[in-house]
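Shown below: protein.pdb, with PDB, C-alpha atoms.
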```pdb
ATOM      1  CA  GLU A  74       0.000   0.000   0.000
ATOM      2  CA  THR A  75       1.616   3.265  -1.108
ATOM      3  CA  GLY A  76      -0.614   5.612   0.816
ATOM      4  CA  VAL A  77      -1.996   7.106  -2.395
ATOM      5  CA  THR A  78      -5.366   5.706  -3.465
ATOM      6  CA  GLN A  79      -6.896   6.213  -6.886
ATOM      7  CA  THR A  80     -10.418   5.396  -8.012
ATOM      8  CA  PRO A  81     -11.683   3.985 -10.222
ATOM      9  CA  ARG A  82      -8.979   1.520 -11.297
ATOM     10  CA  HIS A  83     -10.509   1.151 -14.743
ATOM     11  CA  LEU A  84     -12.806   3.465 -16.685
ATOM     12  CA  VAL A  85     -14.375   3.144 -20.108
ATOM     13  CA  MET A  86     -16.152   6.196 -21.424
ATOM     14  CA  GLY A  87     -17.604   7.520 -24.623
ATOM     15  CA  MET A  88     -16.443  10.723 -26.204
ATOM     16  CA  THR A  89     -19.512  12.623 -24.998
ATOM     17  CA  ASN A  90     -19.390  11.450 -21.378
ATOM     18  CA  LYS A  91     -18.326  13.375 -18.316
ATOM     19  CA  LYS A  92     -16.420  11.510 -15.630
ATOM     20  CA  SER A  93     -14.045  12.239 -12.770
ATOM     21  CA  LEU A  94     -10.942  10.535 -11.468
ATOM     22  CA  LYS A  95     -10.295  10.679  -7.749
ATOM     23  CA  CYS A  96      -7.051  10.588  -5.810
ATOM     24  CA  GLU A  97      -6.556  10.590  -2.047
ATOM     25  CA  GLN A  98      -3.255  10.623  -0.201
ATOM     26  CA  HIS A  99      -2.924   9.487   3.405
ATOM     27  CA  LEU A 100       0.702  10.585   3.868
ATOM     28  CA  GLY A 101       0.257  14.142   5.085
ATOM     29  CA  HIS A 102       1.969  15.537   1.995
ATOM     30  CA  ASN A 103       1.614  19.106   0.763
ATOM     31  CA  ALA A 104       1.873  18.611  -2.997
ATOM     32  CA  MET A 105      -0.068  16.469  -5.470
ATOM     33  CA  TYR A 106       0.342  15.727  -9.154
ATOM     34  CA  TRP A 107      -1.374  14.226 -12.177
ATOM     35  CA  TYR A 108       0.793  12.321 -14.640
ATOM     36  CA  LYS A 109      -0.277  10.632 -17.891
ATOM     37  CA  GLN A 110       1.283   7.404 -19.149
ATOM     38  CA  SER A 111       0.470   6.563 -22.757
ATOM     39  CA  ALA A 112       1.604   3.467 -24.569
ATOM     40  CA  LYS A 113       5.050   3.862 -26.098
ATOM     41  CA  LYS A 114       5.600   7.293 -24.481
ATOM     42  CA  PRO A 115       7.301   8.426 -21.277
ATOM     43  CA  LEU A 116       5.222   9.627 -18.358
ATOM     44  CA  GLU A 117       4.118  13.209 -18.862
ATOM     45  CA  LEU A 118       3.420  15.707 -16.120
ATOM     46  CA  MET A 119      -0.049  17.231 -16.456
ATOM     47  CA  PHE A 120      -0.756  19.288 -13.333
ATOM     48  CA  VAL A 121       0.946  20.199 -10.076
ATOM     49  CA  TYR A 122      -0.794  21.411  -6.939
ATOM     50  CA  SER A 123       1.182  22.761  -4.012
ATOM     51  CA  LEU A 124      -0.644  23.786  -0.844
ATOM     52  CA  GLU A 125      -3.893  23.416  -2.796
ATOM     53  CA  GLU A 126      -2.857  25.928  -5.445
ATOM     54  CA  ARG A 127      -2.226  24.923  -9.026
ATOM     55  CA  VAL A 128       1.366  25.784  -9.791
ATOM     56  CA  GLU A 129       1.782  23.993 -13.091
ATOM     57  CA  ASN A 130      -0.424  23.331 -16.078
ATOM     58  CA  ASN A 131       1.713  21.600 -18.629
ATOM     59  CA  SER A 132      -0.146  22.657 -21.783
ATOM     60  CA  VAL A 133      -2.965  20.243 -21.090
ATOM     61  CA  PRO A 134      -6.163  20.562 -23.189
ATOM     62  CA  SER A 135      -9.119  22.144 -21.429
ATOM     63  CA  ARG A 136     -11.108  18.907 -21.660
ATOM     64  CA  PHE A 137      -9.031  17.913 -18.597
ATOM     65  CA  SER A 138      -9.938  19.981 -15.542
ATOM     66  CA  PRO A 139      -8.178  19.394 -12.205
ATOM     67  CA  GLU A 140      -9.542  20.217  -8.780
ATOM     68  CA  CYS A 141      -7.771  20.150  -5.417
ATOM     69  CA  PRO A 142     -10.281  20.900  -2.627
ATOM     70  CA  ASN A 143      -7.756  20.192   0.143
ATOM     71  CA  SER A 144      -4.229  18.851   0.540
ATOM     72  CA  SER A 145      -5.416  15.234   0.709
ATOM     73  CA  HIS A 146      -7.694  15.077  -2.317
ATOM     74  CA  LEU A 147      -7.186  15.630  -6.009
ATOM     75  CA  PHE A 148      -9.653  15.175  -8.844
ATOM     76  CA  LEU A 149      -9.352  15.131 -12.606
ATOM     77  CA  HIS A 150     -12.613  15.996 -14.341
ATOM     78  CA  LEU A 151     -12.956  14.667 -17.869
ATOM     79  CA  HIS A 152     -15.339  15.780 -20.612
ATOM     80  CA  THR A 153     -15.583  15.282 -24.367
ATOM     81  CA  LEU A 154     -12.382  13.267 -24.462
ATOM     82  CA  GLN A 155     -10.781  11.869 -27.607
ATOM     83  CA  PRO A 156      -9.666   8.283 -28.246
ATOM     84  CA  GLU A 157      -6.034   9.434 -28.055
ATOM     85  CA  ASP A 158      -6.651  10.373 -24.412
ATOM     86  CA  SER A 159      -6.787   6.675 -23.568
ATOM     87  CA  ALA A 160      -3.935   6.103 -21.119
ATOM     88  CA  LEU A 161      -2.991   5.289 -17.547
ATOM     89  CA  TYR A 162      -3.530   8.356 -15.371
ATOM     90  CA  LEU A 163      -1.343   8.419 -12.306
ATOM     91  CA  CYS A 164      -1.674  10.558  -9.223
ATOM     92  CA  ALA A 165       1.304  11.249  -6.990
ATOM     93  CA  SER A 166       2.104  13.188  -3.856
ATOM     94  CA  SER A 167       5.192  14.468  -2.065
ATOM     95  CA  GLN A 168       6.235  16.559   0.889
ATOM     96  CA  GLU A 169       8.063  19.463  -0.646
ATOM     97  CA  GLY A 170      10.562  21.279   1.519
ATOM     98  CA  GLY A 171      12.782  22.791  -1.143
ATOM     99  CA  ARG A 172      15.206  19.904  -1.646
ATOM    100  CA  GLY A 173      13.124  17.768  -3.964
ATOM    101  CA  GLU A 174      11.591  14.772  -2.288
ATOM    102  CA  LYS A 175      10.434  11.322  -3.352
ATOM    103  CA  LEU A 176       7.175  11.035  -5.190
ATOM    104  CA  PHE A 177       4.658   8.458  -4.029
ATOM    105  CA  PHE A 178       2.356   7.204  -6.773
ATOM    106  CA  GLY A 179      -1.062   5.636  -6.744
ATOM    107  CA  SER A 180      -1.871   2.551  -8.828
ATOM    108  CA  GLY A 181      -3.470   4.636 -11.532
ATOM    109  CA  THR A 182      -6.726   4.725 -13.458
ATOM    110  CA  GLN A 183      -6.630   2.919 -16.803
ATOM    111  CA  LEU A 184      -8.832   5.025 -19.048
ATOM    112  CA  SER A 185     -10.261   3.875 -22.371
ATOM    113  CA  VAL A 186     -12.103   6.384 -24.546
ATOM    114  CA  LEU A 187     -14.315   4.825 -27.205
TER     115      LEU A 187
ATOM    116  CA  LYS B 238      13.940  21.119 -22.682
ATOM    117  CA  GLN B 239      15.104  18.227 -20.570
ATOM    118  CA  GLU B 240      15.169  14.836 -22.299
ATOM    119  CA  VAL B 241      15.841  11.552 -20.541
ATOM    120  CA  THR B 242      16.958   8.414 -22.355
ATOM    121  CA  GLN B 243      17.242   4.920 -20.938
ATOM    122  CA  ILE B 244      19.342   2.125 -22.344
ATOM    123  CA  PRO B 245      18.704  -0.718 -22.920
ATOM    124  CA  ALA B 246      14.987  -0.680 -23.669
ATOM    125  CA  ALA B 247      14.731  -4.297 -22.544
ATOM    126  CA  LEU B 248      17.015  -6.698 -20.743
ATOM    127  CA  SER B 249      16.687 -10.411 -20.012
ATOM    128  CA  VAL B 250      19.129 -12.070 -17.617
ATOM    129  CA  PRO B 251      19.403 -15.297 -15.647
ATOM    130  CA  GLU B 252      18.875 -15.198 -11.922
ATOM    131  CA  GLY B 253      21.933 -14.235  -9.902
ATOM    132  CA  GLU B 254      23.507 -11.874 -12.414
ATOM    133  CA  ASN B 255      24.633  -8.394 -11.522
ATOM    134  CA  LEU B 256      23.293  -5.836 -13.966
ATOM    135  CA  VAL B 257      23.446  -2.146 -14.838
ATOM    136  CA  LEU B 258      20.682   0.046 -16.199
ATOM    137  CA  ASN B 259      21.673   3.321 -17.825
ATOM    138  CA  CYS B 260      19.994   6.705 -17.871
ATOM    139  CA  SER B 261      21.183   9.862 -19.605
ATOM    140  CA  PHE B 262      19.781  13.379 -19.481
ATOM    141  CA  THR B 263      20.415  16.432 -21.646
ATOM    142  CA  ASP B 264      20.224  19.244 -19.078
ATOM    143  CA  SER B 265      22.744  18.942 -16.252
ATOM    144  CA  ALA B 266      20.818  21.505 -14.184
ATOM    145  CA  ILE B 267      18.658  18.850 -12.562
ATOM    146  CA  TYR B 268      18.172  19.066  -8.827
ATOM    147  CA  ASN B 269      17.642  15.363  -8.272
ATOM    148  CA  LEU B 270      17.490  12.052 -10.094
ATOM    149  CA  GLN B 271      14.990   9.406  -9.098
ATOM    150  CA  TRP B 272      14.700   5.737  -9.992
ATOM    151  CA  PHE B 273      11.317   4.013  -9.929
ATOM    152  CA  ARG B 274      10.020   0.509 -10.453
ATOM    153  CA  GLN B 275       6.713  -0.207 -12.194
ATOM    154  CA  ASP B 276       5.022  -3.597 -12.202
ATOM    155  CA  PRO B 277       2.514  -4.367 -14.998
ATOM    156  CA  GLY B 278      -0.753  -2.490 -14.555
ATOM    157  CA  LYS B 279       0.492  -0.807 -11.411
ATOM    158  CA  GLY B 280       1.733   2.565 -10.317
ATOM    159  CA  LEU B 281       5.342   3.512  -9.680
ATOM    160  CA  THR B 282       7.350   2.658  -6.594
ATOM    161  CA  SER B 283      10.218   4.966  -5.677
ATOM    162  CA  LEU B 284      13.496   3.083  -5.327
ATOM    163  CA  LEU B 285      16.225   5.670  -4.889
ATOM    164  CA  LEU B 286      16.547   9.441  -4.984
ATOM    165  CA  ILE B 287      19.886  11.162  -5.522
ATOM    166  CA  GLN B 288      20.092  14.854  -4.775
ATOM    167  CA  SER B 289      22.125  16.988  -7.178
ATOM    168  CA  SER B 290      24.845  17.403  -4.545
ATOM    169  CA  GLN B 291      25.206  13.638  -4.079
ATOM    170  CA  ARG B 292      27.054  11.041  -6.125
ATOM    171  CA  GLU B 293      25.220   7.860  -5.192
ATOM    172  CA  GLN B 294      22.588   6.206  -3.053
ATOM    173  CA  THR B 295      22.257   2.608  -1.902
ATOM    174  CA  SER B 296      19.333   0.524  -0.740
ATOM    175  CA  GLY B 297      19.831  -3.187  -0.220
ATOM    176  CA  ARG B 298      20.915  -4.744  -3.512
ATOM    177  CA  LEU B 299      20.377  -1.484  -5.390
ATOM    178  CA  ASN B 300      22.952   1.229  -5.970
ATOM    179  CA  ALA B 301      22.346   4.333  -8.055
ATOM    180  CA  SER B 302      24.999   6.806  -9.135
ATOM    181  CA  LEU B 303      24.748  10.299 -10.572
ATOM    182  CA  ASP B 304      27.294  12.150 -12.709
ATOM    183  CA  LYS B 305      25.845  15.537 -13.553
ATOM    184  CA  SER B 306      28.819  16.630 -15.638
ATOM    185  CA  SER B 307      28.352  13.770 -18.085
ATOM    186  CA  GLY B 308      24.568  13.749 -17.784
ATOM    187  CA  ARG B 309      24.380  10.133 -16.668
ATOM    188  CA  SER B 310      22.960   7.951 -13.960
ATOM    189  CA  THR B 311      23.221   4.215 -13.508
ATOM    190  CA  LEU B 312      21.204   1.759 -11.462
ATOM    191  CA  TYR B 313      23.167  -1.286 -10.359
ATOM    192  CA  ILE B 314      21.243  -4.363  -9.244
ATOM    193  CA  ALA B 315      23.257  -7.020  -7.483
ATOM    194  CA  ALA B 316      22.403 -10.717  -7.481
ATOM    195  CA  SER B 317      19.229 -10.288  -9.514
ATOM    196  CA  GLN B 318      16.118 -12.302  -8.621
ATOM    197  CA  PRO B 319      12.951 -13.175 -10.577
ATOM    198  CA  GLY B 320      11.075 -10.778  -8.288
ATOM    199  CA  ASP B 321      13.153  -7.933  -9.719
ATOM    200  CA  SER B 322      11.348  -8.339 -13.050
ATOM    201  CA  ALA B 323       9.608  -5.037 -13.772
ATOM    202  CA  THR B 324      10.017  -1.824 -15.741
ATOM    203  CA  TYR B 325      12.614   0.522 -14.289
ATOM    204  CA  LEU B 326      12.187   4.240 -14.881
ATOM    205  CA  CYS B 327      14.554   7.084 -14.215
ATOM    206  CA  ALA B 328      13.383  10.663 -13.906
ATOM    207  CA  GLY B 329      15.191  13.969 -13.615
ATOM    208  CA  GLY B 330      13.816  16.637 -11.307
ATOM    209  CA  ILE B 331      13.384  19.949 -13.096
ATOM    210  CA  GLY B 332      12.459  23.513 -12.287
ATOM    211  CA  ALA B 333      14.543  24.698  -9.362
ATOM    212  CA  GLY B 334      12.801  27.330  -7.327
ATOM    213  CA  GLY B 335       9.089  27.852  -6.910
ATOM    214  CA  THR B 336       6.844  26.080  -4.485
ATOM    215  CA  SER B 337       6.984  22.538  -5.805
ATOM    216  CA  TYR B 338       9.740  20.212  -6.867
ATOM    217  CA  GLY B 339       7.777  17.175  -7.973
ATOM    218  CA  LYS B 340       8.094  18.036 -11.641
ATOM    219  CA  LEU B 341       9.919  15.113 -13.196
ATOM    220  CA  THR B 342      10.986  14.316 -16.741
ATOM    221  CA  PHE B 343      10.845  10.568 -17.267
ATOM    222  CA  GLY B 344      12.699   8.200 -19.538
ATOM    223  CA  GLN B 345      10.806   5.489 -21.386
ATOM    224  CA  GLY B 346      12.050   2.785 -19.069
ATOM    225  CA  THR B 347      13.978  -0.462 -19.217
ATOM    226  CA  ILE B 348      11.914  -3.647 -19.135
ATOM    227  CA  LEU B 349      13.834  -6.146 -17.019
ATOM    228  CA  THR B 350      13.138  -9.862 -17.015
ATOM    229  CA  VAL B 351      15.029 -12.105 -14.622
ATOM    230  CA  HIS B 352      14.436 -15.760 -15.380
ATOM    231  CA  PRO B 353      15.068 -18.607 -12.938
TER     232      PRO B 353
END
```
Final structure tokens representation of the file:
Amino acid sequence: ETGVTQTPRHLVMGMTNKKSLKCEQHLGHNAMYWYKQSAKKPLELMFVYSLEERVENNSVPSRFSPECPNSSHLFLHLHTLQPEDSALYLCASSQEGGRGEKLFFGSGTQLSVL
Amino acid sequence: KQEVTQIPAALSVPEGENLVLNCSFTDSAIYNLQWFRQDPGKGLTSLLLIQSSQREQTSGRLNASLDKSSGRSTLYIAASQPGDSATYLCAGGIGAGGTSYGKLTFGQGTILTVHP
């Protein structure tokens, strides 16, 4: 158990659906992240939240909308996705103190867009 | 823009062998280098983190080194076991300053298979 829980584990959605991915960290960390892992490509950073403020939006299309209501929870709201958005979406957290700390990842949500 | 490359892309070895996984990065201004393990269908597990001021880190049978001047890191696995079979990812920490340091640039990984 990594201390970072993601739900659902698998999600199949149509291009016109709206769905949300949920992430919860039980480690007392102050920063949370969304990463995308597509087949044949390296992991890509999507969003960074530090102290509940978004500090990075890595040129992600607006059909992905993050939300961080508190330091323990992170959501990724999805709407009108494209088939190429099918990927493993990974949430991570860390305790940032200025030296760069280890990231702890959840098990991911495997998303398929039909 | 930071780019991270891992060689080899895949490696198959018999149990008991010592092995080395290689990682290279284009921008030496990283502030840390992290190695992760990923099992099929799972998330990533952090193995070792080397700060930019350090040369190496060790944990059990794993040893990771960092040479910023040459833009390289290696992960050494001693006495490999079938349970070590997984994808190994290295990632360079980018973006010094600011309020968050979890911004990593990942390589594509090395798929390791250790057969009995």
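Proximity of A:Tyr162, A:Phe177, A:Tyr108, A:Phe137 to Arg274 in chain B, computed with only C-alpha atoms, is greatest for A:Phe177.
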Notebook entry, point to check: Got a sec to pull out which chain B residues are within 6 Å of chain A, counting all atoms listed in the file, and send them as a list in words?
Noted result: Lys279, Gly280, Leu281, Tyr338, Phe343, Gly344 and Gln345 of chain B
Now that the selection is made, can you save its residues with C-alpha atoms as a compact mmCIF listing (two decimals), in the coordinates of the input?
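Output file part.txt follows:
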```
# COMPACT_ATOMS: atom_id res chain seq x y z
CA LYS B 279 0.49 -0.81 -11.41
CA GLY B 280 1.73 2.56 -10.32
CA LEU B 281 5.34 3.51 -9.68
CA TYR B 338 9.74 20.21 -6.87
CA PHE B 343 10.84 10.57 -17.27
CA GLY B 344 12.70 8.20 -19.54
CA GLN B 345 10.81 5.49 -21.39
```
Margin query: I need the residue nearest Ser111 in chain A from this list: A:Ser144, A:Ser185, A:Ser159, A:Asn131. Use only C-alpha atoms for the distance.
Written below: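 Of A:Ser144, A:Ser185, A:Ser159, A:Asn131, the one nearest Ser111 in chain A is A:Ser159, counting only C-alpha atoms.
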Check: Which value, in Å to one decimal, gives the distance between CA of Leu187 in chain A and CA of Lys91 in chain A?
Finding: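 Separation of CA of Leu187 in chain A and CA of Lys91 in chain A: 13.0 Å.
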Next item on the list: Kindly give the distance, in Å, that separates CA of Ala246 in chain B and CA of Glu157 in chain A, rounded to a single decimal.
Entry: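 Distance between the two atoms: 23.7 Å.
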Checklist line | Test item: residues at most 12 Å from Leu284 in chain B, only C-alpha atoms, excluding those fewer than 3 positions along its chain, as a list of chain:residue names | finding: A:Lys175, A:Leu176, A:Phe177, A:Phe178, B:Leu270, B:Gln271, B:Trp272, B:Phe273, B:Arg274, B:Gln275, B:Leu281, B:Ile287, B:Gln294, B:Thr295, B:Ser296, B:Gly297, B:Arg298, B:Leu299, B:Asn300, B:Ala301, B:Leu312, B:Tyr313, B:Ile314, B:Asp321, B:Tyr325, B:Leu326, B:Cys327, B:Ala328
Note to self: Expand the PyMOL selection byres ((chain A and resi 84) around 6) into the explicit residue set it covers here, and present it as a list in words.
What the structure shows: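 Taken on the displayed file, the PyMOL selection byres ((chain A and resi 84) around 6) yields the residues His83, Val85 and Leu184 of chain A.
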For range 267-284 of chain B, which lacks atoms in the input, supply N, CA, C and O atoms and format the output as an mmCIF file, keeping the file's coordinate frame.
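Resulting contents of part_35.cif:
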```cif
data_model
loop_
_atom_site.group_PDB
_atom_site.id
_atom_site.type_symbol
_atom_site.label_atom_id
_atom_site.label_comp_id
_atom_site.auth_asym_id
_atom_site.auth_seq_id
_atom_site.Cartn_x
_atom_site.Cartn_y
_atom_site.Cartn_z
ATOM 1 N N ILE B 267 19.703 19.535 -13.320
ATOM 2 C CA ILE B 267 18.658 18.850 -12.562
ATOM 3 C C ILE B 267 18.957 19.030 -11.084
ATOM 4 O O ILE B 267 20.106 19.232 -10.684
ATOM 5 N N TYR B 268 17.937 18.940 -10.263
ATOM 6 C CA TYR B 268 18.172 19.066 -8.827
ATOM 7 C C TYR B 268 18.093 17.736 -8.112
ATOM 8 O O TYR B 268 18.485 17.606 -6.977
ATOM 9 N N ASN B 269 17.527 16.721 -8.788
ATOM 10 C CA ASN B 269 17.642 15.363 -8.272
ATOM 11 C C ASN B 269 17.378 14.376 -9.395
ATOM 12 O O ASN B 269 16.915 14.743 -10.486
ATOM 13 N N LEU B 270 17.715 13.123 -9.137
ATOM 14 C CA LEU B 270 17.490 12.052 -10.094
ATOM 15 C C LEU B 270 16.840 10.906 -9.312
ATOM 16 O O LEU B 270 17.359 10.501 -8.256
ATOM 17 N N GLN B 271 15.705 10.447 -9.820
ATOM 18 C CA GLN B 271 14.990 9.406 -9.098
ATOM 19 C C GLN B 271 14.857 8.160 -9.959
ATOM 20 O O GLN B 271 14.647 8.261 -11.175
ATOM 21 N N TRP B 272 14.946 7.020 -9.347
ATOM 22 C CA TRP B 272 14.700 5.737 -9.992
ATOM 23 C C TRP B 272 13.428 5.131 -9.405
ATOM 24 O O TRP B 272 13.241 5.130 -8.176
ATOM 25 N N PHE B 273 12.583 4.623 -10.321
ATOM 26 C CA PHE B 273 11.317 4.013 -9.929
ATOM 27 C C PHE B 273 11.236 2.606 -10.527
ATOM 28 O O PHE B 273 11.872 2.294 -11.530
ATOM 29 N N ARG B 274 10.369 1.825 -9.920
ATOM 30 C CA ARG B 274 10.020 0.509 -10.453
ATOM 31 C C ARG B 274 8.524 0.509 -10.729
ATOM 32 O O ARG B 274 7.730 1.041 -9.931
ATOM 33 N N GLN B 275 8.128 -0.094 -11.871
ATOM 34 C CA GLN B 275 6.713 -0.207 -12.194
ATOM 35 C C GLN B 275 6.404 -1.640 -12.592
ATOM 36 O O GLN B 275 6.972 -2.165 -13.551
ATOM 37 N N ASP B 276 5.488 -2.262 -11.862
ATOM 38 C CA ASP B 276 5.022 -3.597 -12.202
ATOM 39 C C ASP B 276 3.835 -3.468 -13.155
ATOM 40 O O ASP B 276 3.132 -2.454 -13.145
ATOM 41 N N PRO B 277 3.579 -4.473 -13.989
ATOM 42 C CA PRO B 277 2.514 -4.367 -14.998
ATOM 43 C C PRO B 277 1.178 -3.951 -14.401
ATOM 44 O O PRO B 277 0.716 -4.530 -13.421
ATOM 45 N N GLY B 278 0.558 -2.942 -15.004
ATOM 46 C CA GLY B 278 -0.753 -2.490 -14.555
ATOM 47 C C GLY B 278 -0.756 -1.784 -13.215
ATOM 48 O O GLY B 278 -1.824 -1.544 -12.644
ATOM 49 N N LYS B 279 0.413 -1.432 -12.733
ATOM 50 C CA LYS B 279 0.492 -0.807 -11.411
ATOM 51 C C LYS B 279 1.110 0.586 -11.512
ATOM 52 O O LYS B 279 1.624 0.995 -12.551
ATOM 53 N N GLY B 280 1.069 1.269 -10.379
ATOM 54 C CA GLY B 280 1.733 2.565 -10.317
ATOM 55 C C GLY B 280 3.230 2.405 -10.119
ATOM 56 O O GLY B 280 3.762 1.310 -10.206
ATOM 57 N N LEU B 281 3.891 3.509 -9.840
ATOM 58 C CA LEU B 281 5.342 3.512 -9.680
ATOM 59 C C LEU B 281 5.718 3.447 -8.208
ATOM 60 O O LEU B 281 5.063 4.049 -7.365
ATOM 61 N N THR B 282 6.793 2.730 -7.935
ATOM 62 C CA THR B 282 7.350 2.658 -6.594
ATOM 63 C C THR B 282 8.723 3.308 -6.608
ATOM 64 O O THR B 282 9.587 2.936 -7.411
ATOM 65 N N SER B 283 8.925 4.291 -5.741
ATOM 66 C CA SER B 283 10.218 4.966 -5.677
ATOM 67 C C SER B 283 11.273 4.028 -5.098
ATOM 68 O O SER B 283 11.062 3.398 -4.068
ATOM 69 N N LEU B 284 12.407 3.933 -5.784
ATOM 70 C CA LEU B 284 13.496 3.083 -5.327
ATOM 71 C C LEU B 284 14.591 3.904 -4.650
ATOM 72 O O LEU B 284 14.986 3.638 -3.518
#
```
